[in-house]
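See below for the structure under consideration.
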Number of protein chains: 2
Amino acid sequence: MAVNQMTGKQSIEFQDAPYIISSASVVGPKEGEGPLGEWFDLVSPQAEFGEKTWEEAESTMQKEALQTAIGKAKLMEIQIRCLFGGDLLAQSIATSFGNGESNIPLFGLYGACSTCGESLALAAMTVAGGYADYAAALTSSHFASAEKEFRFPLGYGNQRPLSASWTVTGSGAFILSDRGGHVRVSGVTPGKIVDMGIKDNMNMGACMAPAACDTIYQNLMDFNRQPQDYDRIITGDLGAVGQRILIDLLKEKGFDISEQHMDCGIEIYDADSQDTHAGGSGCGCAAVVLAAMILPRLRKGSWKRVLFVPTGALLSKVSFNEGRTIPGIAHAVVLEHA
Amino acid sequence: MAVNQMTGKQSIEFQDAPYIISSASVVGPKEGEGPLGEWFDLVSPQAEFGEKTWEEAESTMQKEALQTAIGKAKLMEIQIRCLFGGDLLAQSIATSFGNGESNIPLFGLYGACSTCGESLALAAMTVAGGYADYAAALTSSHFASAEKEFRFPLGYGNQRPLSASWTVTGSGAFILSDRGGHVRVSGVTPGKIVDMGIKDNMNMGACMAPAACDTIYQNLMDFNRQPQDYDRIITGDLGAVGQRILIDLLKEKGFDISEQHMDCGIEIYDADSQDTHAGGSGCGCAAVVLAAMILPRLRKGSWKRVLFVPTGALLSKVSFNEGRTIPGIAHAVVLEHA
């Protein structure tokens, strides 16, 4: 049994840190052509994933990712005690329909693109609390379903400003357990909503950077760490614009993370050749980069400790059309080589 | 510290069961005129709650409910370690904007109308796991924002069939802790998605009843109980149609719950005079009935043990318009007088 220490104000440190024993990434063709292409478990040759609608395509990605992660862990579905899952669509339908045939109890989550961090945090808390031998975390996004959900129909051929990000077509799944594996979740810092009054749905990086700053600052304070105590501090999908804002905001608070900072949205596409502007985004972005790029390095031990901080912009078309702001939220997970 | 037993297949039994130390309910005028009217903490004289949009009205209800529950627990907001919150709107905007000014770390949830059960389950797991002295659970729904989100604009004056339910305008908040109070959460049974292929968004009771059956059956098996081991088995918002289906389905599985069954959606309105057809529904329905009617009886000890089962229909207008089914999910929470 874990005896869990409540650090400072906002973080949790696991005394018996759970393991990420397996992970899987499923992506679309554009992501497969990007710099991380060869590291994904499954690259679909077409973005429809054999389905008739974009939403069903996203559900299919979730199904494939979860089954692959369960298979890589050499488990049967029935051994997974519960699933923490979410996506960006209204009423999380990619998750509902993606897991309708599974027999795993589902805790549905919504934290916009931060949901990958939220799902890992809750799965880790569930395992470390003694509630589950095995718990799963699963998130997804799809470029076409997200553009339809949040902005303009693709058929409009709408112009995108350089601050816009490109929603990643991808799904990542993770199996957590109290035994096995070489990566542990040693702590979590659940995030608060931070709203700086930004209203531009074509500049999500700016909306989310203040929340990332708040969560990273709180993590460093709660664990009494400096940025160099992490090999990398990796945000989910701030992109090039959000990255600059985050580094500036944290400098004002006394921390320089410019050496350690990386962003999944910047890593996943080639900015010069793939025309993705500020970078990748979405619930699937952080998840597939974690599975394909971050966890392998932690497993090998080339990175010893990483702060993984998926970032979310709490936007809806209704709130946007009603002139509301776009608040941000970021959930941090401390990952360590074991 | 809790040492938590994983019962049978799907449920969790807390050895150190957390307490619901305080609760609050905020409702609109129609709910205030119903049979439970005098028991709600706050009844607004108008459904707008002083705001300009239905979504902001819903956010305001959440704010009021949470602040009232915190106040009734004689706590300050800063003492609440985390909040599990959700609503029915796309991207959960009632929750995002309702809690944007608060400083409590937020785990956003989506489980349709089952979210009240999901939030209580996760808050209980968080407290019993030693992660929080105090955790909050908060859900809401609003008749007007929900009709806009899921069905027809109110201005159409659309006809409603008798199987349709009426989304409750209300928000319920709960503070859980490892100390104090007279109601304990002794166990939880997180639910699985159950999809019987029903597609009628004017008959949510029929969509959800199979999921309620699955979760209640699993709870009885996991805890080795009979229906009479509960003073009441209370579903969230099956309404009159769903209630009949649930009782029939469970009879087929060998359990007769007709003596114990109650439904929050049936309790909240007067079917004869309030023209709400099958009954109340929504994330707020189960929450405000729990706060106003169920918890007071458990506190007094007139009920010793109740199985509380909020039920959700995993519907979206996109999936509905694409001809998809409406899967259901139900999360059960065992509440006991202490």
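Residues are named by chain letter and number: chains run A, B, ... in the order of the structure tokens, numbers start at 1 in each chain, and ligands are numbered from 1 in the order shown.
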Near chain A, meaning an atom within 8 Å, which residues of chain B appear when counting only C-alpha atoms? Write them as a compact mmCIF listing (two decimals) with C-alpha atoms, in the first residue's frame.
```txt
# COMPACT_ATOMS: atom_id res chain seq x y z
CA MET B 1 -4.58 5.81 5.96
CA VAL B 3 -6.26 0.23 3.08
CA ASN B 4 -8.69 -0.35 0.29
CA GLN B 5 -10.07 -3.64 -0.70
CA MET B 6 -10.85 -4.39 -4.31
CA LYS B 9 -14.54 -7.60 -10.23
CA GLN B 10 -15.58 -3.99 -10.45
CA ILE B 12 -14.03 -0.73 -4.43
CA ARG B 81 -7.38 20.16 -2.19
CA LEU B 88 -23.55 18.34 -19.84
CA LEU B 89 -22.41 21.10 -22.17
CA ALA B 90 -19.87 20.71 -24.96
CA GLN B 91 -16.37 21.02 -23.52
CA SER B 92 -17.95 21.28 -20.05
CA ILE B 93 -18.07 25.06 -20.20
CA SER B 96 -14.78 25.79 -16.75
CA ASN B 99 -14.73 27.60 -11.48
CA GLY B 100 -12.40 29.94 -13.34
CA GLU B 101 -12.12 32.30 -10.40
CA SER B 102 -11.61 29.56 -7.84
CA ASN B 103 -8.15 28.47 -6.81
CA ILE B 104 -8.97 24.79 -6.45
CA PRO B 105 -7.18 22.31 -8.75
CA LEU B 106 -9.83 20.93 -11.09
CA PHE B 107 -10.30 17.44 -12.49
CA GLY B 108 -12.88 17.98 -15.25
CA LEU B 109 -15.22 15.03 -15.81
CA TYR B 110 -17.67 13.96 -18.44
CA GLY B 111 -20.12 11.13 -17.79
CA ALA B 112 -23.34 12.78 -19.00
CA GLU B 118 -18.42 9.74 -11.04
CA MET B 125 -11.12 7.57 -3.76
CA THR B 126 -8.96 10.69 -3.46
CA ALA B 128 -9.54 7.52 1.14
CA GLY B 129 -6.23 7.26 -0.77
CA GLY B 130 -4.72 9.89 1.50
CA TYR B 131 -4.38 12.49 -1.23
CA ALA B 132 -6.70 15.10 0.24
CA PRO B 190 -17.72 2.50 -11.40
CA GLY B 191 -19.80 1.70 -14.45
CA LYS B 192 -19.13 0.41 -17.93
CA ILE B 193 -20.66 1.68 -21.15
CA VAL B 194 -23.76 -0.32 -22.05
CA ASP B 195 -25.20 0.16 -25.52
CA LEU B 314 -23.85 9.35 -23.78
CA LEU B 315 -25.51 11.45 -26.45
CA SER B 316 -24.24 14.34 -28.54
CA SER B 319 -23.45 11.48 -32.95
CA PRO B 327 -25.03 4.37 -25.04
```
How would you write, as a PyMOL selection string, the set of residues in segment 42-266 of chain A that DSSP gives as helix (DSSP H, G or I)?
-> chain A and resi 54-72+77-79+90-98+115-128+143-150+154-156+204-222+227-229+239-252+264-266
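Residue neighbourhood of Pro35 of chain B, excluding near-sequence residues (fewer than 2 positions): Glu31, Gly32, Glu33, Gly37, Glu38, Glu267, Ile268, Tyr269 and Asp270 of chain B, at 9 Å, using only C-alpha atoms.
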Check the DSSP output for the backbone and give back, as an mmCIF file with N, CA and C atoms, in the first residue's frame, the residues of segment 15-257 of chain B in strand (DSSP E).
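Output contents, as saved in selection21.cif:
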```cif
data_model
loop_
_atom_site.group_PDB
_atom_site.id
_atom_site.type_symbol
_atom_site.label_atom_id
_atom_site.label_comp_id
_atom_site.auth_asym_id
_atom_site.auth_seq_id
_atom_site.Cartn_x
_atom_site.Cartn_y
_atom_site.Cartn_z
ATOM 1 N N TYR B 19 -16.106 10.637 4.544
ATOM 2 C CA TYR B 19 -17.390 11.227 4.909
ATOM 3 C C TYR B 19 -17.814 12.293 3.900
ATOM 4 N N ILE B 20 -19.111 12.379 3.673
ATOM 5 C CA ILE B 20 -19.644 13.577 3.013
ATOM 6 C C ILE B 20 -19.991 14.533 4.145
ATOM 7 N N ILE B 21 -19.158 15.555 4.334
ATOM 8 C CA ILE B 21 -19.343 16.407 5.517
ATOM 9 C C ILE B 21 -20.271 17.574 5.253
ATOM 10 N N SER B 22 -20.525 17.862 3.985
ATOM 11 C CA SER B 22 -21.421 18.982 3.697
ATOM 12 C C SER B 22 -21.922 18.884 2.274
ATOM 13 N N SER B 23 -23.079 19.477 2.034
ATOM 14 C CA SER B 23 -23.656 19.452 0.693
ATOM 15 C C SER B 23 -24.471 20.714 0.487
ATOM 16 N N ALA B 24 -24.670 21.063 -0.778
ATOM 17 C CA ALA B 24 -25.494 22.233 -1.081
ATOM 18 C C ALA B 24 -26.223 22.022 -2.394
ATOM 19 N N SER B 25 -27.422 22.610 -2.491
ATOM 20 C CA SER B 25 -28.213 22.505 -3.713
ATOM 21 C C SER B 25 -28.714 23.887 -4.110
ATOM 22 N N VAL B 26 -28.566 24.170 -5.398
ATOM 23 C CA VAL B 26 -29.048 25.436 -5.960
ATOM 24 C C VAL B 26 -29.931 25.072 -7.151
ATOM 25 N N VAL B 27 -31.155 25.610 -7.211
ATOM 26 C CA VAL B 27 -32.069 25.242 -8.300
ATOM 27 C C VAL B 27 -32.779 26.462 -8.873
ATOM 28 N N LEU B 42 -30.902 26.990 -2.105
ATOM 29 C CA LEU B 42 -31.152 28.250 -2.792
ATOM 30 C C LEU B 42 -32.063 28.000 -3.981
ATOM 31 N N VAL B 43 -33.178 28.723 -4.034
ATOM 32 C CA VAL B 43 -34.081 28.664 -5.186
ATOM 33 C C VAL B 43 -34.062 30.042 -5.837
ATOM 34 N N CYS B 82 -8.820 19.505 -4.014
ATOM 35 C CA CYS B 82 -9.140 19.372 -5.429
ATOM 36 C C CYS B 82 -10.645 19.239 -5.620
ATOM 37 N N LEU B 83 -11.057 19.545 -6.838
ATOM 38 C CA LEU B 83 -12.471 19.561 -7.202
ATOM 39 C C LEU B 83 -12.681 18.620 -8.386
ATOM 40 N N PHE B 84 -13.678 17.742 -8.267
ATOM 41 C CA PHE B 84 -14.097 16.900 -9.387
ATOM 42 C C PHE B 84 -15.412 17.474 -9.894
ATOM 43 N N GLY B 85 -15.406 18.012 -11.108
ATOM 44 C CA GLY B 85 -16.591 18.725 -11.565
ATOM 45 C C GLY B 85 -16.946 18.429 -13.001
ATOM 46 N N GLY B 86 -18.231 18.574 -13.313
ATOM 47 C CA GLY B 86 -18.646 18.384 -14.691
ATOM 48 C C GLY B 86 -20.063 18.847 -14.941
ATOM 49 N N LEU B 106 -8.592 21.495 -10.526
ATOM 50 C CA LEU B 106 -9.826 20.931 -11.094
ATOM 51 C C LEU B 106 -9.553 19.689 -11.927
ATOM 52 N N PHE B 107 -10.235 18.598 -11.604
ATOM 53 C CA PHE B 107 -10.297 17.439 -12.491
ATOM 54 C C PHE B 107 -11.641 17.511 -13.204
ATOM 55 N N GLY B 108 -11.642 17.873 -14.482
ATOM 56 C CA GLY B 108 -12.882 17.976 -15.250
ATOM 57 C C GLY B 108 -13.356 16.590 -15.666
ATOM 58 N N TYR B 134 -9.624 17.365 2.225
ATOM 59 C CA TYR B 134 -10.950 17.776 1.762
ATOM 60 C C TYR B 134 -10.965 17.789 0.240
ATOM 61 N N ALA B 135 -11.941 17.131 -0.346
ATOM 62 C CA ALA B 135 -12.118 17.167 -1.799
ATOM 63 C C ALA B 135 -13.576 17.512 -2.084
ATOM 64 N N ALA B 136 -13.812 18.143 -3.227
ATOM 65 C CA ALA B 136 -15.177 18.556 -3.572
ATOM 66 C C ALA B 136 -15.662 17.847 -4.831
ATOM 67 N N ALA B 137 -16.964 17.615 -4.887
ATOM 68 C CA ALA B 137 -17.624 17.072 -6.085
ATOM 69 C C ALA B 137 -18.739 18.044 -6.458
ATOM 70 N N LEU B 138 -18.854 18.346 -7.741
ATOM 71 C CA LEU B 138 -19.752 19.422 -8.175
ATOM 72 C C LEU B 138 -20.283 19.126 -9.574
ATOM 73 N N THR B 139 -21.605 19.150 -9.736
ATOM 74 C CA THR B 139 -22.182 18.981 -11.074
ATOM 75 C C THR B 139 -23.372 19.915 -11.256
ATOM 76 N N SER B 140 -23.732 20.133 -12.505
ATOM 77 C CA SER B 140 -24.861 21.021 -12.798
ATOM 78 C C SER B 140 -25.514 20.660 -14.119
ATOM 79 N N SER B 141 -26.745 21.099 -14.269
ATOM 80 C CA SER B 141 -27.406 21.102 -15.577
ATOM 81 C C SER B 141 -28.395 22.253 -15.576
ATOM 82 N N TRP B 166 -37.335 16.120 -18.461
ATOM 83 C CA TRP B 166 -37.157 17.559 -18.367
ATOM 84 C C TRP B 166 -35.837 17.820 -17.639
ATOM 85 N N THR B 167 -34.878 18.443 -18.324
ATOM 86 C CA THR B 167 -33.574 18.660 -17.696
ATOM 87 C C THR B 167 -33.701 19.601 -16.507
ATOM 88 N N GLY B 170 -30.284 22.978 -12.016
ATOM 89 C CA GLY B 170 -29.796 22.843 -10.645
ATOM 90 C C GLY B 170 -28.345 22.444 -10.592
ATOM 91 N N SER B 171 -27.728 22.713 -9.468
ATOM 92 C CA SER B 171 -26.342 22.314 -9.232
ATOM 93 C C SER B 171 -26.209 21.835 -7.802
ATOM 94 N N GLY B 172 -25.495 20.734 -7.631
ATOM 95 C CA GLY B 172 -25.241 20.193 -6.296
ATOM 96 C C GLY B 172 -23.753 20.096 -6.029
ATOM 97 N N ALA B 173 -23.351 20.452 -4.816
ATOM 98 C CA ALA B 173 -21.937 20.393 -4.427
ATOM 99 C C ALA B 173 -21.798 19.604 -3.138
ATOM 100 N N PHE B 174 -20.687 18.880 -3.025
ATOM 101 C CA PHE B 174 -20.449 18.001 -1.882
ATOM 102 C C PHE B 174 -19.000 18.124 -1.443
ATOM 103 N N ILE B 175 -18.782 18.212 -0.134
ATOM 104 C CA ILE B 175 -17.422 18.228 0.403
ATOM 105 C C ILE B 175 -17.183 16.897 1.098
ATOM 106 N N LEU B 176 -16.106 16.217 0.687
ATOM 107 C CA LEU B 176 -15.751 14.930 1.283
ATOM 108 C C LEU B 176 -14.488 15.093 2.114
ATOM 109 N N SER B 177 -14.416 14.337 3.204
ATOM 110 C CA SER B 177 -13.261 14.441 4.081
ATOM 111 C C SER B 177 -13.040 13.120 4.807
ATOM 112 N N VAL B 183 -22.479 10.822 7.263
ATOM 113 C CA VAL B 183 -22.703 9.965 6.097
ATOM 114 C C VAL B 183 -21.344 9.575 5.525
ATOM 115 N N ARG B 184 -21.160 8.291 5.329
ATOM 116 C CA ARG B 184 -19.899 7.820 4.769
ATOM 117 C C ARG B 184 -20.121 7.220 3.386
ATOM 118 N N VAL B 185 -19.114 7.358 2.523
ATOM 119 C CA VAL B 185 -19.096 6.653 1.239
ATOM 120 C C VAL B 185 -18.329 5.362 1.496
ATOM 121 N N SER B 186 -19.042 4.258 1.645
ATOM 122 C CA SER B 186 -18.344 3.030 2.044
ATOM 123 C C SER B 186 -17.818 2.246 0.853
ATOM 124 N N GLY B 187 -18.334 2.520 -0.336
ATOM 125 C CA GLY B 187 -17.844 1.824 -1.521
ATOM 126 C C GLY B 187 -18.334 2.471 -2.799
ATOM 127 N N VAL B 188 -17.724 2.081 -3.898
ATOM 128 C CA VAL B 188 -18.162 2.590 -5.201
ATOM 129 C C VAL B 188 -18.125 1.456 -6.223
ATOM 130 N N THR B 189 -19.011 1.539 -7.204
ATOM 131 C CA THR B 189 -18.988 0.619 -8.340
ATOM 132 C C THR B 189 -18.973 1.462 -9.615
ATOM 133 N N ARG B 232 -32.704 2.044 0.307
ATOM 134 C CA ARG B 232 -33.185 2.507 -0.995
ATOM 135 C C ARG B 232 -32.095 2.270 -2.039
ATOM 136 N N ILE B 233 -32.504 1.976 -3.261
ATOM 137 C CA ILE B 233 -31.611 1.958 -4.423
ATOM 138 C C ILE B 233 -32.112 3.080 -5.317
ATOM 139 N N ILE B 234 -31.302 4.135 -5.458
ATOM 140 C CA ILE B 234 -31.817 5.387 -6.032
ATOM 141 C C ILE B 234 -31.064 5.734 -7.308
ATOM 142 N N THR B 235 -31.739 5.633 -8.429
ATOM 143 C CA THR B 235 -31.120 6.021 -9.699
ATOM 144 C C THR B 235 -31.244 7.532 -9.910
#
```
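With only C-alpha atoms as the atoms that count, the residue of B:Pro161, B:Gly239, B:Pro296, B:Gly28 with the shortest distance to Met262 of chain B is B:Gly239.
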Between B:Leu307, B:Lys253, B:Ala17, B:Pro210, which is the closest to Ile198 of chain B once you count only C-alpha atoms?
-> B:Pro210
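What separates atom CA of Ala212 of chain B from atom CA of Tyr230 of chain B is a distance of 15.7 Å.
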Quick one: everything within 12 Å of His261 of chain A, counting only C-alpha atoms, minus sequence neighbours fewer than 2 positions away in the same chain. Send it as number ranges by chain.
-> A: 212-213, 216, 227-228, 230-236, 238-240, 242-244, 246-248, 250, 255-259, 263-264, 266-267, 306-309
Interatomic distance, atom CA of Arg297 of chain A to atom CA of Cys113 of chain A (Å, one decimal) |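 Atom-to-atom, atom CA of Arg297 of chain A to atom CA of Cys113 of chain A, that is 22.9 Å.
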In Å to one decimal, how far is atom CA of Gly50 of chain A from atom CA of Cys285 of chain A?
-> 21.2 Å
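For the set A:Asp200, A:Asp41, A:Glu336, A:Asp275, the residue with the smallest atom-to-atom gap to Gly323 of chain A is A:Asp200, counting only C-alpha atoms.
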Can you tell me, as a list of chain:residue names, what residues are no more than 12 Å from Val241 of chain A when counting only C-alpha atoms, ignoring any on the same chain fewer than 4 positions away?
-> A:Pro161, A:Leu162, A:Ser163, A:Ala164, A:Ser165, A:Met202, A:Asn203, A:Met204, A:Gly205, A:Ala206, A:Cys207, A:Met208, A:Ala209, A:Asp237, A:Ile245, A:Leu246, A:Ile247, A:Asp248, A:Asp263, A:Gly265, A:Ile266, A:His277, A:Ala278, A:Gly279, A:Gly280
